>>> print(open('target.txt').read())   # compact mmCIF, N, CA and C atoms
# COMPACT_ATOMS: atom_id res chain seq x y z
N ASN U 87 85.36 84.09 103.54
CA ASN U 87 85.15 84.57 104.89
C ASN U 87 86.33 84.17 105.77
N TRP U 88 86.29 84.61 107.01
CA TRP U 88 87.41 84.38 107.93
C TRP U 88 87.63 82.90 108.20
N GLU U 89 86.55 82.16 108.41
CA GLU U 89 86.69 80.72 108.69
C GLU U 89 87.35 79.99 107.52
N ASP U 90 86.95 80.32 106.30
CA ASP U 90 87.57 79.71 105.12
C ASP U 90 89.05 80.06 105.03
N ALA U 91 89.38 81.31 105.29
CA ALA U 91 90.78 81.73 105.24
C ALA U 91 91.61 80.96 106.27
N MET U 92 91.09 80.84 107.49
CA MET U 92 91.79 80.09 108.53
C MET U 92 91.98 78.63 108.11
N ASP U 93 90.94 78.03 107.55
CA ASP U 93 90.99 76.63 107.14
C ASP U 93 92.00 76.43 106.00
N ILE U 94 91.92 77.27 105.00
CA ILE U 94 92.85 77.13 103.86
C ILE U 94 94.29 77.28 104.32
N CYS U 95 94.57 78.29 105.13
CA CYS U 95 95.93 78.48 105.64
C CYS U 95 96.43 77.24 106.38
N SER U 96 95.57 76.65 107.20
CA SER U 96 95.98 75.49 108.00
C SER U 96 96.28 74.26 107.15
N ARG U 97 95.73 74.22 105.93
CA ARG U 97 95.92 73.04 105.07
C ARG U 97 96.92 73.25 103.93
N LEU U 98 97.57 74.42 103.88
CA LEU U 98 98.57 74.65 102.83
C LEU U 98 99.80 73.77 103.05
N ASP U 99 100.34 73.24 101.95
CA ASP U 99 101.57 72.45 102.06
C ASP U 99 102.76 73.38 102.30
N SER U 100 103.94 72.81 102.45
CA SER U 100 105.11 73.63 102.79
C SER U 100 105.45 74.67 101.73
N SER U 101 105.10 74.43 100.47
CA SER U 101 105.37 75.41 99.42
C SER U 101 104.38 76.57 99.46
N GLY U 102 103.24 76.36 100.11
CA GLY U 102 102.20 77.38 100.15
C GLY U 102 101.37 77.44 98.88
N LEU U 103 101.57 76.48 97.99
CA LEU U 103 100.89 76.49 96.69
C LEU U 103 99.78 75.46 96.57
N LEU U 104 99.75 74.50 97.47
CA LEU U 104 98.79 73.41 97.37
C LEU U 104 97.99 73.30 98.67
N VAL U 105 96.67 73.28 98.54
CA VAL U 105 95.80 73.06 99.69
C VAL U 105 95.60 71.56 99.81
N THR U 106 96.02 71.00 100.93
CA THR U 106 95.95 69.56 101.14
C THR U 106 94.60 69.17 101.75
N ASP U 107 94.35 67.88 101.85
CA ASP U 107 93.13 67.38 102.47
C ASP U 107 93.22 67.39 103.99
N SER U 108 94.43 67.44 104.52
CA SER U 108 94.60 67.37 105.97
C SER U 108 95.30 68.63 106.50
N VAL U 109 95.10 68.87 107.77
CA VAL U 109 95.70 70.03 108.43
C VAL U 109 97.22 69.86 108.50
N GLN U 110 97.94 70.88 108.07
CA GLN U 110 99.40 70.87 108.09
C GLN U 110 99.96 71.81 109.17
N ASN U 111 99.24 72.89 109.45
CA ASN U 111 99.65 73.91 110.42
C ASN U 111 101.06 74.46 110.16
N ILE U 112 101.35 74.68 108.88
CA ILE U 112 102.61 75.33 108.48
C ILE U 112 102.37 76.81 108.26
N TRP U 113 101.27 77.12 107.61
CA TRP U 113 100.88 78.49 107.28
C TRP U 113 99.73 78.93 108.18
N ARG U 114 99.57 80.25 108.30
CA ARG U 114 98.51 80.81 109.13
C ARG U 114 98.21 82.23 108.66
N LEU U 115 97.15 82.81 109.18
CA LEU U 115 96.89 84.23 108.94
C LEU U 115 97.83 85.04 109.84
N PRO U 116 98.26 86.21 109.40
CA PRO U 116 99.08 87.05 110.27
C PRO U 116 98.23 87.68 111.37
N THR U 117 98.84 87.98 112.49
CA THR U 117 98.16 88.73 113.53
C THR U 117 98.03 90.18 113.08
N VAL U 118 97.21 90.95 113.77
CA VAL U 118 97.11 92.38 113.46
C VAL U 118 98.49 93.02 113.57
N ASP U 119 99.20 92.70 114.64
CA ASP U 119 100.52 93.29 114.85
C ASP U 119 101.46 92.98 113.68
N GLU U 120 101.47 91.75 113.22
CA GLU U 120 102.34 91.38 112.09
C GLU U 120 101.93 92.11 110.82
N ALA U 121 100.64 92.20 110.57
CA ALA U 121 100.15 92.88 109.36
C ALA U 121 100.53 94.36 109.38
N VAL U 122 100.36 95.00 110.53
CA VAL U 122 100.71 96.42 110.66
C VAL U 122 102.21 96.62 110.47
N ARG U 123 103.01 95.77 111.12
CA ARG U 123 104.47 95.92 111.02
C ARG U 123 105.01 95.62 109.62
N SER U 124 104.24 94.91 108.78
CA SER U 124 104.71 94.59 107.43
C SER U 124 104.24 95.59 106.38
N SER U 125 103.47 96.58 106.75
CA SER U 125 102.97 97.57 105.79
C SER U 125 104.13 98.38 105.22
N VAL U 126 103.97 98.77 103.94
CA VAL U 126 105.06 99.47 103.25
C VAL U 126 104.57 100.77 102.61
N HIS U 127 105.54 101.62 102.34
CA HIS U 127 105.33 102.88 101.62
C HIS U 127 106.50 103.07 100.67
N ARG U 128 106.20 103.04 99.37
CA ARG U 128 107.23 103.20 98.33
C ARG U 128 108.42 102.27 98.53
N GLY U 129 108.10 101.02 98.79
CA GLY U 129 109.13 100.00 98.90
C GLY U 129 109.86 99.94 100.22
N LYS U 130 109.50 100.80 101.17
CA LYS U 130 110.16 100.80 102.49
C LYS U 130 109.13 100.47 103.56
N ASN U 131 109.61 99.85 104.63
CA ASN U 131 108.73 99.55 105.73
C ASN U 131 108.13 100.85 106.25
N ALA U 132 106.82 100.85 106.48
CA ALA U 132 106.11 102.06 106.89
C ALA U 132 106.27 102.37 108.37
N GLY U 133 106.95 101.51 109.12
CA GLY U 133 107.15 101.76 110.55
C GLY U 133 105.86 101.68 111.34
N GLY U 134 105.03 100.68 111.03
CA GLY U 134 103.73 100.55 111.68
C GLY U 134 103.81 99.96 113.07
N VAL U 135 102.96 100.48 113.95
CA VAL U 135 102.86 99.98 115.32
C VAL U 135 101.38 99.79 115.65
N TRP U 136 101.05 98.61 116.19
CA TRP U 136 99.69 98.31 116.64
C TRP U 136 99.65 98.45 118.16
N ASN U 137 98.77 99.30 118.65
CA ASN U 137 98.58 99.45 120.08
C ASN U 137 97.38 98.59 120.47
N ALA U 138 97.65 97.45 121.08
CA ALA U 138 96.58 96.50 121.42
C ALA U 138 95.65 97.05 122.50
N ASP U 139 96.15 97.94 123.34
CA ASP U 139 95.31 98.51 124.40
C ASP U 139 94.26 99.46 123.84
N THR U 140 94.67 100.33 122.93
CA THR U 140 93.74 101.32 122.36
C THR U 140 93.13 100.88 121.04
N LYS U 141 93.62 99.74 120.51
CA LYS U 141 93.14 99.21 119.22
C LYS U 141 93.34 100.22 118.09
N THR U 142 94.52 100.86 118.10
CA THR U 142 94.85 101.85 117.08
C THR U 142 96.21 101.56 116.47
N THR U 143 96.43 102.14 115.29
CA THR U 143 97.71 102.01 114.60
C THR U 143 98.37 103.37 114.48
N SER U 144 99.68 103.36 114.34
CA SER U 144 100.42 104.57 113.99
C SER U 144 101.53 104.15 113.03
N TYR U 145 101.89 105.05 112.14
CA TYR U 145 102.89 104.76 111.11
C TYR U 145 103.86 105.93 110.97
N GLU U 146 105.11 105.61 110.70
CA GLU U 146 106.09 106.65 110.37
C GLU U 146 105.81 107.20 108.98
N LEU U 147 105.41 106.32 108.06
CA LEU U 147 105.06 106.67 106.69
C LEU U 147 103.67 106.11 106.40
N PRO U 148 102.85 106.80 105.62
CA PRO U 148 101.52 106.26 105.34
C PRO U 148 101.58 105.06 104.39
N PRO U 149 101.13 103.88 104.81
CA PRO U 149 101.18 102.72 103.92
C PRO U 149 100.24 102.88 102.73
N ASP U 150 100.53 102.10 101.68
CA ASP U 150 99.70 102.14 100.49
C ASP U 150 99.63 100.74 99.89
N LYS U 151 98.78 100.55 98.91
CA LYS U 151 98.61 99.26 98.24
C LYS U 151 99.74 99.08 97.25
N GLU U 152 100.83 98.50 97.74
CA GLU U 152 102.03 98.33 96.94
C GLU U 152 102.45 96.87 96.86
N SER U 153 103.03 96.53 95.74
CA SER U 153 103.63 95.22 95.54
C SER U 153 104.92 95.18 96.36
N PRO U 154 105.35 94.05 96.89
CA PRO U 154 104.82 92.70 96.69
C PRO U 154 103.77 92.29 97.71
N LEU U 155 103.53 93.08 98.76
CA LEU U 155 102.56 92.67 99.77
C LEU U 155 101.13 92.69 99.25
N TRP U 156 100.81 93.63 98.40
CA TRP U 156 99.48 93.73 97.81
C TRP U 156 99.59 93.54 96.31
N ASN U 157 98.67 92.82 95.72
CA ASN U 157 98.62 92.69 94.27
C ASN U 157 97.85 93.90 93.75
N THR U 158 98.57 94.81 93.12
CA THR U 158 97.97 96.07 92.67
C THR U 158 96.96 95.88 91.54
N HIS U 159 96.90 94.69 90.95
CA HIS U 159 95.99 94.42 89.84
C HIS U 159 94.69 93.74 90.28
N LEU U 160 94.59 93.40 91.56
CA LEU U 160 93.37 92.78 92.08
C LEU U 160 92.53 93.81 92.84
N ARG U 161 91.25 93.48 93.00
CA ARG U 161 90.35 94.38 93.73
C ARG U 161 90.55 94.31 95.24
N THR U 162 91.34 93.36 95.71
CA THR U 162 91.53 93.18 97.15
C THR U 162 92.08 94.45 97.78
N ILE U 163 91.34 94.96 98.78
CA ILE U 163 91.82 96.12 99.53
C ILE U 163 91.80 95.86 101.04
N TYR U 164 91.34 94.65 101.43
CA TYR U 164 91.32 94.26 102.83
C TYR U 164 91.88 92.85 102.96
N TRP U 165 92.63 92.61 104.03
CA TRP U 165 93.09 91.27 104.37
C TRP U 165 92.55 90.89 105.73
N TRP U 166 92.16 89.64 105.86
CA TRP U 166 91.83 89.11 107.17
C TRP U 166 93.09 88.97 108.01
N THR U 167 92.97 89.13 109.31
CA THR U 167 94.05 88.79 110.23
C THR U 167 93.56 87.67 111.14
N ALA U 168 94.47 87.04 111.85
CA ALA U 168 94.12 85.97 112.78
C ALA U 168 93.57 86.52 114.08
N THR U 169 93.70 87.81 114.31
CA THR U 169 93.31 88.41 115.58
C THR U 169 91.80 88.56 115.67
N GLU U 170 91.22 87.87 116.63
CA GLU U 170 89.78 87.91 116.82
C GLU U 170 89.39 89.05 117.76
N VAL U 171 88.26 89.66 117.45
CA VAL U 171 87.66 90.67 118.33
C VAL U 171 86.80 89.95 119.36
N ASP U 172 85.99 89.02 118.87
CA ASP U 172 85.12 88.18 119.69
C ASP U 172 84.74 86.98 118.85
N SER U 173 83.75 86.21 119.28
CA SER U 173 83.41 84.98 118.56
C SER U 173 82.82 85.24 117.17
N LEU U 174 82.32 86.44 116.91
CA LEU U 174 81.71 86.74 115.62
C LEU U 174 82.54 87.64 114.71
N ARG U 175 83.54 88.32 115.27
CA ARG U 175 84.31 89.29 114.49
C ARG U 175 85.81 89.06 114.61
N ALA U 176 86.51 89.44 113.54
CA ALA U 176 87.97 89.43 113.51
C ALA U 176 88.41 90.73 112.85
N TYR U 177 89.67 91.09 113.07
CA TYR U 177 90.19 92.32 112.47
C TYR U 177 90.63 92.10 111.03
N ILE U 178 90.39 93.11 110.22
CA ILE U 178 90.97 93.18 108.87
C ILE U 178 91.94 94.34 108.85
N ILE U 179 92.89 94.29 107.93
CA ILE U 179 93.77 95.43 107.68
C ILE U 179 93.44 95.96 106.29
N VAL U 180 93.36 97.26 106.17
CA VAL U 180 93.11 97.93 104.90
C VAL U 180 94.46 98.27 104.29
N TYR U 181 94.53 98.36 102.98
CA TYR U 181 95.80 98.65 102.31
C TYR U 181 96.46 99.93 102.82
N ASP U 182 95.67 100.86 103.35
CA ASP U 182 96.24 102.12 103.86
C ASP U 182 96.62 102.03 105.33
N GLY U 183 96.58 100.81 105.90
CA GLY U 183 97.05 100.58 107.25
C GLY U 183 96.00 100.64 108.34
N LYS U 184 94.79 100.99 108.01
CA LYS U 184 93.74 101.04 109.03
C LYS U 184 93.31 99.62 109.42
N ILE U 185 92.85 99.48 110.64
CA ILE U 185 92.39 98.20 111.18
C ILE U 185 90.92 98.34 111.55
N TRP U 186 90.10 97.35 111.13
CA TRP U 186 88.67 97.39 111.42
C TRP U 186 88.18 96.01 111.87
N PRO U 187 87.27 95.96 112.84
CA PRO U 187 86.62 94.69 113.16
C PRO U 187 85.52 94.40 112.16
N LYS U 188 85.47 93.18 111.65
CA LYS U 188 84.45 92.80 110.67
C LYS U 188 83.87 91.44 111.01
N GLN U 189 82.65 91.22 110.58
CA GLN U 189 81.99 89.93 110.79
C GLN U 189 82.77 88.82 110.10
N LYS U 190 83.09 87.78 110.82
CA LYS U 190 83.85 86.66 110.26
C LYS U 190 83.12 85.99 109.10
N ALA U 191 81.80 86.02 109.11
CA ALA U 191 81.01 85.32 108.09
C ALA U 191 80.92 86.07 106.77
N HIS U 192 81.31 87.33 106.73
CA HIS U 192 81.18 88.12 105.49
C HIS U 192 82.08 87.57 104.39
N ARG U 193 81.51 87.50 103.21
CA ARG U 193 82.24 87.09 102.01
C ARG U 193 82.13 88.22 101.00
N LEU U 194 83.24 88.88 100.74
CA LEU U 194 83.25 89.98 99.78
C LEU U 194 84.43 89.80 98.83
N PRO U 195 84.26 90.12 97.55
CA PRO U 195 85.33 89.87 96.58
C PRO U 195 86.58 90.73 96.79
N TYR U 196 86.47 91.81 97.52
CA TYR U 196 87.63 92.68 97.75
C TYR U 196 88.26 92.45 99.12
N ARG U 197 87.77 91.45 99.85
CA ARG U 197 88.37 91.04 101.13
C ARG U 197 88.99 89.68 100.92
N ASN U 198 90.25 89.54 101.25
CA ASN U 198 90.98 88.33 100.97
C ASN U 198 91.89 88.02 102.14
N PHE U 199 92.90 87.20 101.93
CA PHE U 199 93.86 86.90 102.99
C PHE U 199 95.22 86.62 102.39
N ARG U 200 96.21 86.72 103.23
CA ARG U 200 97.58 86.41 102.86
C ARG U 200 98.11 85.49 103.96
N ALA U 201 98.66 84.36 103.56
CA ALA U 201 99.19 83.40 104.52
C ALA U 201 100.63 83.74 104.86
N VAL U 202 100.99 83.50 106.12
CA VAL U 202 102.38 83.69 106.58
C VAL U 202 102.80 82.43 107.30
N ARG U 203 104.10 82.29 107.49
CA ARG U 203 104.61 81.17 108.26
C ARG U 203 105.77 81.65 109.09
N ASP U 204 106.02 80.96 110.18
CA ASP U 204 107.11 81.32 111.05
C ASP U 204 108.44 80.92 110.42
N VAL U 205 109.45 81.71 110.68
CA VAL U 205 110.79 81.42 110.17
C VAL U 205 111.38 80.27 110.97
N GLU U 206 111.94 79.33 110.25
CA GLU U 206 112.53 78.16 110.94
C GLU U 206 113.98 78.37 111.22
>>> encode(input="target.txt", output="structure tokens")
Amino acid sequence: NWEDAMDICSRLDSSGLLVTDSVQNIWRLPTVDEAVRSSVHRGKNAGGVWNADTKTTSYELPPDKESPLWNTHLRTIYWWTATEVDSLRAYIIVYDGKIWPKQKAHRLPYRNFRAVRDVE
């Protein structure tokens, strides 16, 4: 669920491979804007734009479930984002670039997360 994803990201070590016992705050969930802007189509950036006012996306190219951003061999088709809708919901991004508000408490095998970190 969203809370677990937030917690795990906050406790990842600098390599991103080990979940520590204490909060590190090196890694985090991407915002909706970051997730949309990182979407790809056939190895090229899809030119995604998130309009925060209308809560809509637009793309120059239609994104798809492509490596390396998506593991094409896993069932994951949704990623959590850090962007909250309200206290009970947060946005997910679908492999095809759509954005949906979902209950933070939901646990589904095809909904996962990807950690990001700021460039130093």
>>> residues_around(input="target.txt", residues="region 164-175 of chain U", least_positions_apart="2", cutoff="10 Å", atoms="only C-alpha atoms", output="PyMOL selection string")
chain U and resi 87-89+91-92+114-121+151+156+161-162+177-192+194-201
>>> write_last_selection(input="target.txt", atoms="N, CA and C atoms", output="compact mmCIF listing (two decimals), in the frame of the given file")
# COMPACT_ATOMS: atom_id res chain seq x y z
N ASN U 87 85.36 84.09 103.54
CA ASN U 87 85.15 84.57 104.89
C ASN U 87 86.33 84.17 105.77
N TRP U 88 86.29 84.61 107.01
CA TRP U 88 87.41 84.38 107.93
C TRP U 88 87.63 82.90 108.20
N GLU U 89 86.55 82.16 108.41
CA GLU U 89 86.69 80.72 108.69
C GLU U 89 87.35 79.99 107.52
N ALA U 91 89.38 81.31 105.29
CA ALA U 91 90.78 81.73 105.24
C ALA U 91 91.61 80.96 106.27
N MET U 92 91.09 80.84 107.49
CA MET U 92 91.79 80.09 108.53
C MET U 92 91.98 78.63 108.11
N ARG U 114 99.57 80.25 108.30
CA ARG U 114 98.51 80.81 109.13
C ARG U 114 98.21 82.23 108.66
N LEU U 115 97.15 82.81 109.18
CA LEU U 115 96.89 84.23 108.94
C LEU U 115 97.83 85.04 109.84
N PRO U 116 98.26 86.21 109.40
CA PRO U 116 99.08 87.05 110.27
C PRO U 116 98.23 87.68 111.37
N THR U 117 98.84 87.98 112.49
CA THR U 117 98.16 88.73 113.53
C THR U 117 98.03 90.18 113.08
N VAL U 118 97.21 90.95 113.77
CA VAL U 118 97.11 92.38 113.46
C VAL U 118 98.49 93.02 113.57
N ASP U 119 99.20 92.70 114.64
CA ASP U 119 100.52 93.29 114.85
C ASP U 119 101.46 92.98 113.68
N GLU U 120 101.47 91.75 113.22
CA GLU U 120 102.34 91.38 112.09
C GLU U 120 101.93 92.11 110.82
N ALA U 121 100.64 92.20 110.57
CA ALA U 121 100.15 92.88 109.36
C ALA U 121 100.53 94.36 109.38
N LYS U 151 98.78 100.55 98.91
CA LYS U 151 98.61 99.26 98.24
C LYS U 151 99.74 99.08 97.25
N TRP U 156 100.81 93.63 98.40
CA TRP U 156 99.48 93.73 97.81
C TRP U 156 99.59 93.54 96.31
N ARG U 161 91.25 93.48 93.00
CA ARG U 161 90.35 94.38 93.73
C ARG U 161 90.55 94.31 95.24
N THR U 162 91.34 93.36 95.71
CA THR U 162 91.53 93.18 97.15
C THR U 162 92.08 94.45 97.78
N TYR U 177 89.67 91.09 113.07
CA TYR U 177 90.19 92.32 112.47
C TYR U 177 90.63 92.10 111.03
N ILE U 178 90.39 93.11 110.22
CA ILE U 178 90.97 93.18 108.87
C ILE U 178 91.94 94.34 108.85
N ILE U 179 92.89 94.29 107.93
CA ILE U 179 93.77 95.43 107.68
C ILE U 179 93.44 95.96 106.29
N VAL U 180 93.36 97.26 106.17
CA VAL U 180 93.11 97.93 104.90
C VAL U 180 94.46 98.27 104.29
N TYR U 181 94.53 98.36 102.98
CA TYR U 181 95.80 98.65 102.31
C TYR U 181 96.46 99.93 102.82
N ASP U 182 95.67 100.86 103.35
CA ASP U 182 96.24 102.12 103.86
C ASP U 182 96.62 102.03 105.33
N GLY U 183 96.58 100.81 105.90
CA GLY U 183 97.05 100.58 107.25
C GLY U 183 96.00 100.64 108.34
N LYS U 184 94.79 100.99 108.01
CA LYS U 184 93.74 101.04 109.03
C LYS U 184 93.31 99.62 109.42
N ILE U 185 92.85 99.48 110.64
CA ILE U 185 92.39 98.20 111.18
C ILE U 185 90.92 98.34 111.55
N TRP U 186 90.10 97.35 111.13
CA TRP U 186 88.67 97.39 111.42
C TRP U 186 88.18 96.01 111.87
N PRO U 187 87.27 95.96 112.84
CA PRO U 187 86.62 94.69 113.16
C PRO U 187 85.52 94.40 112.16
N LYS U 188 85.47 93.18 111.65
CA LYS U 188 84.45 92.80 110.67
C LYS U 188 83.87 91.44 111.01
N GLN U 189 82.65 91.22 110.58
CA GLN U 189 81.99 89.93 110.79
C GLN U 189 82.77 88.82 110.10
N LYS U 190 83.09 87.78 110.82
CA LYS U 190 83.85 86.66 110.26
C LYS U 190 83.12 85.99 109.10
N ALA U 191 81.80 86.02 109.11
CA ALA U 191 81.01 85.32 108.09
C ALA U 191 80.92 86.07 106.77
N HIS U 192 81.31 87.33 106.73
CA HIS U 192 81.18 88.12 105.49
C HIS U 192 82.08 87.57 104.39
N LEU U 194 83.24 88.88 100.74
CA LEU U 194 83.25 89.98 99.78
C LEU U 194 84.43 89.80 98.83
N PRO U 195 84.26 90.12 97.55
CA PRO U 195 85.33 89.87 96.58
C PRO U 195 86.58 90.73 96.79
N TYR U 196 86.47 91.81 97.52
CA TYR U 196 87.63 92.68 97.75
C TYR U 196 88.26 92.45 99.12
N ARG U 197 87.77 91.45 99.85
CA ARG U 197 88.37 91.04 101.13
C ARG U 197 88.99 89.68 100.92
N ASN U 198 90.25 89.54 101.25
CA ASN U 198 90.98 88.33 100.97
C ASN U 198 91.89 88.02 102.14
N PHE U 199 92.90 87.20 101.93
CA PHE U 199 93.86 86.90 102.99
C PHE U 199 95.22 86.62 102.39
N ARG U 200 96.21 86.72 103.23
CA ARG U 200 97.58 86.41 102.86
C ARG U 200 98.11 85.49 103.96
N ALA U 201 98.66 84.36 103.56
CA ALA U 201 99.19 83.40 104.52
C ALA U 201 100.63 83.74 104.86
>>> closest_residue(input="target.txt", among="U:Val202, U:Val126, U:Val109, U:Leu104", to="Leu155 (chain U)", atoms="all atoms listed in the file")
U:Val126
>>> atom_distance(input="target.txt", atom1="CA of Pro149 (chain U)", atom2="CA of Arg123 (chain U)")
10.4 Å
>>> atom_distance(input="target.txt", atom1="CA of Lys130 (chain U)", atom2="atom C of Glu146 (chain U)")
10.1 Å
>>> select_by_dssp(input="target.txt", residues="chain U", states="strand (DSSP E or B)", output="PyMOL selection string")
chain U and resi 98+105+114+126-127+130-131+135-137+142-144+164-170+175-180+185-189+197-198+202
>>> write_last_selection(input="target.txt", atoms="N, CA and C atoms", output="short mmCIF file (atom, residue, chain, number, x, y, z; two decimals), in the coordinates of the input")
data_model
loop_
_atom_site.label_atom_id
_atom_site.label_comp_id
_atom_site.auth_asym_id
_atom_site.auth_seq_id
_atom_site.Cartn_x
_atom_site.Cartn_y
_atom_site.Cartn_z
N LEU U 98 97.57 74.42 103.88
CA LEU U 98 98.57 74.65 102.83
C LEU U 98 99.80 73.77 103.05
N VAL U 105 96.67 73.28 98.54
CA VAL U 105 95.80 73.06 99.69
C VAL U 105 95.60 71.56 99.81
N ARG U 114 99.57 80.25 108.30
CA ARG U 114 98.51 80.81 109.13
C ARG U 114 98.21 82.23 108.66
N VAL U 126 103.97 98.77 103.94
CA VAL U 126 105.06 99.47 103.25
C VAL U 126 104.57 100.77 102.61
N HIS U 127 105.54 101.62 102.34
CA HIS U 127 105.33 102.88 101.62
C HIS U 127 106.50 103.07 100.67
N LYS U 130 109.50 100.80 101.17
CA LYS U 130 110.16 100.80 102.49
C LYS U 130 109.13 100.47 103.56
N ASN U 131 109.61 99.85 104.63
CA ASN U 131 108.73 99.55 105.73
C ASN U 131 108.13 100.85 106.25
N VAL U 135 102.96 100.48 113.95
CA VAL U 135 102.86 99.98 115.32
C VAL U 135 101.38 99.79 115.65
N TRP U 136 101.05 98.61 116.19
CA TRP U 136 99.69 98.31 116.64
C TRP U 136 99.65 98.45 118.16
N ASN U 137 98.77 99.30 118.65
CA ASN U 137 98.58 99.45 120.08
C ASN U 137 97.38 98.59 120.47
N THR U 142 94.52 100.86 118.10
CA THR U 142 94.85 101.85 117.08
C THR U 142 96.21 101.56 116.47
N THR U 143 96.43 102.14 115.29
CA THR U 143 97.71 102.01 114.60
C THR U 143 98.37 103.37 114.48
N SER U 144 99.68 103.36 114.34
CA SER U 144 100.42 104.57 113.99
C SER U 144 101.53 104.15 113.03
N TYR U 164 91.34 94.65 101.43
CA TYR U 164 91.32 94.26 102.83
C TYR U 164 91.88 92.85 102.96
N TRP U 165 92.63 92.61 104.03
CA TRP U 165 93.09 91.27 104.37
C TRP U 165 92.55 90.89 105.73
N TRP U 166 92.16 89.64 105.86
CA TRP U 166 91.83 89.11 107.17
C TRP U 166 93.09 88.97 108.01
N THR U 167 92.97 89.13 109.31
CA THR U 167 94.05 88.79 110.23
C THR U 167 93.56 87.67 111.14
N ALA U 168 94.47 87.04 111.85
CA ALA U 168 94.12 85.97 112.78
C ALA U 168 93.57 86.52 114.08
N THR U 169 93.70 87.81 114.31
CA THR U 169 93.31 88.41 115.58
C THR U 169 91.80 88.56 115.67
N GLU U 170 91.22 87.87 116.63
CA GLU U 170 89.78 87.91 116.82
C GLU U 170 89.39 89.05 117.76
N ARG U 175 83.54 88.32 115.27
CA ARG U 175 84.31 89.29 114.49
C ARG U 175 85.81 89.06 114.61
N ALA U 176 86.51 89.44 113.54
CA ALA U 176 87.97 89.43 113.51
C ALA U 176 88.41 90.73 112.85
N TYR U 177 89.67 91.09 113.07
CA TYR U 177 90.19 92.32 112.47
C TYR U 177 90.63 92.10 111.03
N ILE U 178 90.39 93.11 110.22
CA ILE U 178 90.97 93.18 108.87
C ILE U 178 91.94 94.34 108.85
N ILE U 179 92.89 94.29 107.93
CA ILE U 179 93.77 95.43 107.68
C ILE U 179 93.44 95.96 106.29
N VAL U 180 93.36 97.26 106.17
CA VAL U 180 93.11 97.93 104.90
C VAL U 180 94.46 98.27 104.29
N ILE U 185 92.85 99.48 110.64
CA ILE U 185 92.39 98.20 111.18
C ILE U 185 90.92 98.34 111.55
N TRP U 186 90.10 97.35 111.13
CA TRP U 186 88.67 97.39 111.42
C TRP U 186 88.18 96.01 111.87
N PRO U 187 87.27 95.96 112.84
CA PRO U 187 86.62 94.69 113.16
C PRO U 187 85.52 94.40 112.16
N LYS U 188 85.47 93.18 111.65
CA LYS U 188 84.45 92.80 110.67
C LYS U 188 83.87 91.44 111.01
N GLN U 189 82.65 91.22 110.58
CA GLN U 189 81.99 89.93 110.79
C GLN U 189 82.77 88.82 110.10
N ARG U 197 87.77 91.45 99.85
CA ARG U 197 88.37 91.04 101.13
C ARG U 197 88.99 89.68 100.92
N ASN U 198 90.25 89.54 101.25
CA ASN U 198 90.98 88.33 100.97
C ASN U 198 91.89 88.02 102.14
N VAL U 202 100.99 83.50 106.12
CA VAL U 202 102.38 83.69 106.58
C VAL U 202 102.80 82.43 107.30
#
>>> atom_distance(input="target.txt", atom1="atom N of Val122 (chain U)", atom2="atom N of Ser144 (chain U)")
9.2 Å
>>> select_by_dssp(input="target.txt", residues="chain U", states="helix (DSSP H, G or I)", output="list in words")
Trp88, Glu89, Asp90, Ala91, Met92, Asp93, Ile94, Cys95, Ser96, Arg97, Val118, Asp119, Glu120, Ala121, Val122 and Arg123 of chain U
>>> residues_near_point(input="target.txt", point="(101.9, 105.2, 101.7)", cutoff="6 Å", atoms="all atoms listed in the file", output="mmCIF file with N, CA and C atoms, in the frame of the given file")
data_model
loop_
_atom_site.group_PDB
_atom_site.id
_atom_site.type_symbol
_atom_site.label_atom_id
_atom_site.label_comp_id
_atom_site.auth_asym_id
_atom_site.auth_seq_id
_atom_site.Cartn_x
_atom_site.Cartn_y
_atom_site.Cartn_z
ATOM 1 N N VAL U 126 103.970 98.770 103.940
ATOM 2 C CA VAL U 126 105.060 99.470 103.250
ATOM 3 C C VAL U 126 104.570 100.770 102.610
ATOM 4 N N HIS U 127 105.540 101.620 102.340
ATOM 5 C CA HIS U 127 105.330 102.880 101.620
ATOM 6 C C HIS U 127 106.500 103.070 100.670
ATOM 7 N N ARG U 128 106.200 103.040 99.370
ATOM 8 C CA ARG U 128 107.230 103.200 98.330
ATOM 9 C C ARG U 128 108.420 102.270 98.530
ATOM 10 N N LEU U 147 105.410 106.320 108.060
ATOM 11 C CA LEU U 147 105.060 106.670 106.690
ATOM 12 C C LEU U 147 103.670 106.110 106.400
ATOM 13 N N PRO U 148 102.850 106.800 105.620
ATOM 14 C CA PRO U 148 101.520 106.260 105.340
ATOM 15 C C PRO U 148 101.580 105.060 104.390
ATOM 16 N N PRO U 149 101.130 103.880 104.810
ATOM 17 C CA PRO U 149 101.180 102.720 103.920
ATOM 18 C C PRO U 149 100.240 102.880 102.730
ATOM 19 N N ASP U 150 100.530 102.100 101.680
ATOM 20 C CA ASP U 150 99.700 102.140 100.490
ATOM 21 C C ASP U 150 99.630 100.740 99.890
#
>>> residues_around(input="target.txt", residues="Val105 (chain U)", least_positions_apart="6", cutoff="8 Å", atoms="only N, CA and C atoms", output="list of chain:residue names")
U:Ile94, U:Cys95, U:Ser96, U:Arg97, U:Leu98, U:Asp99
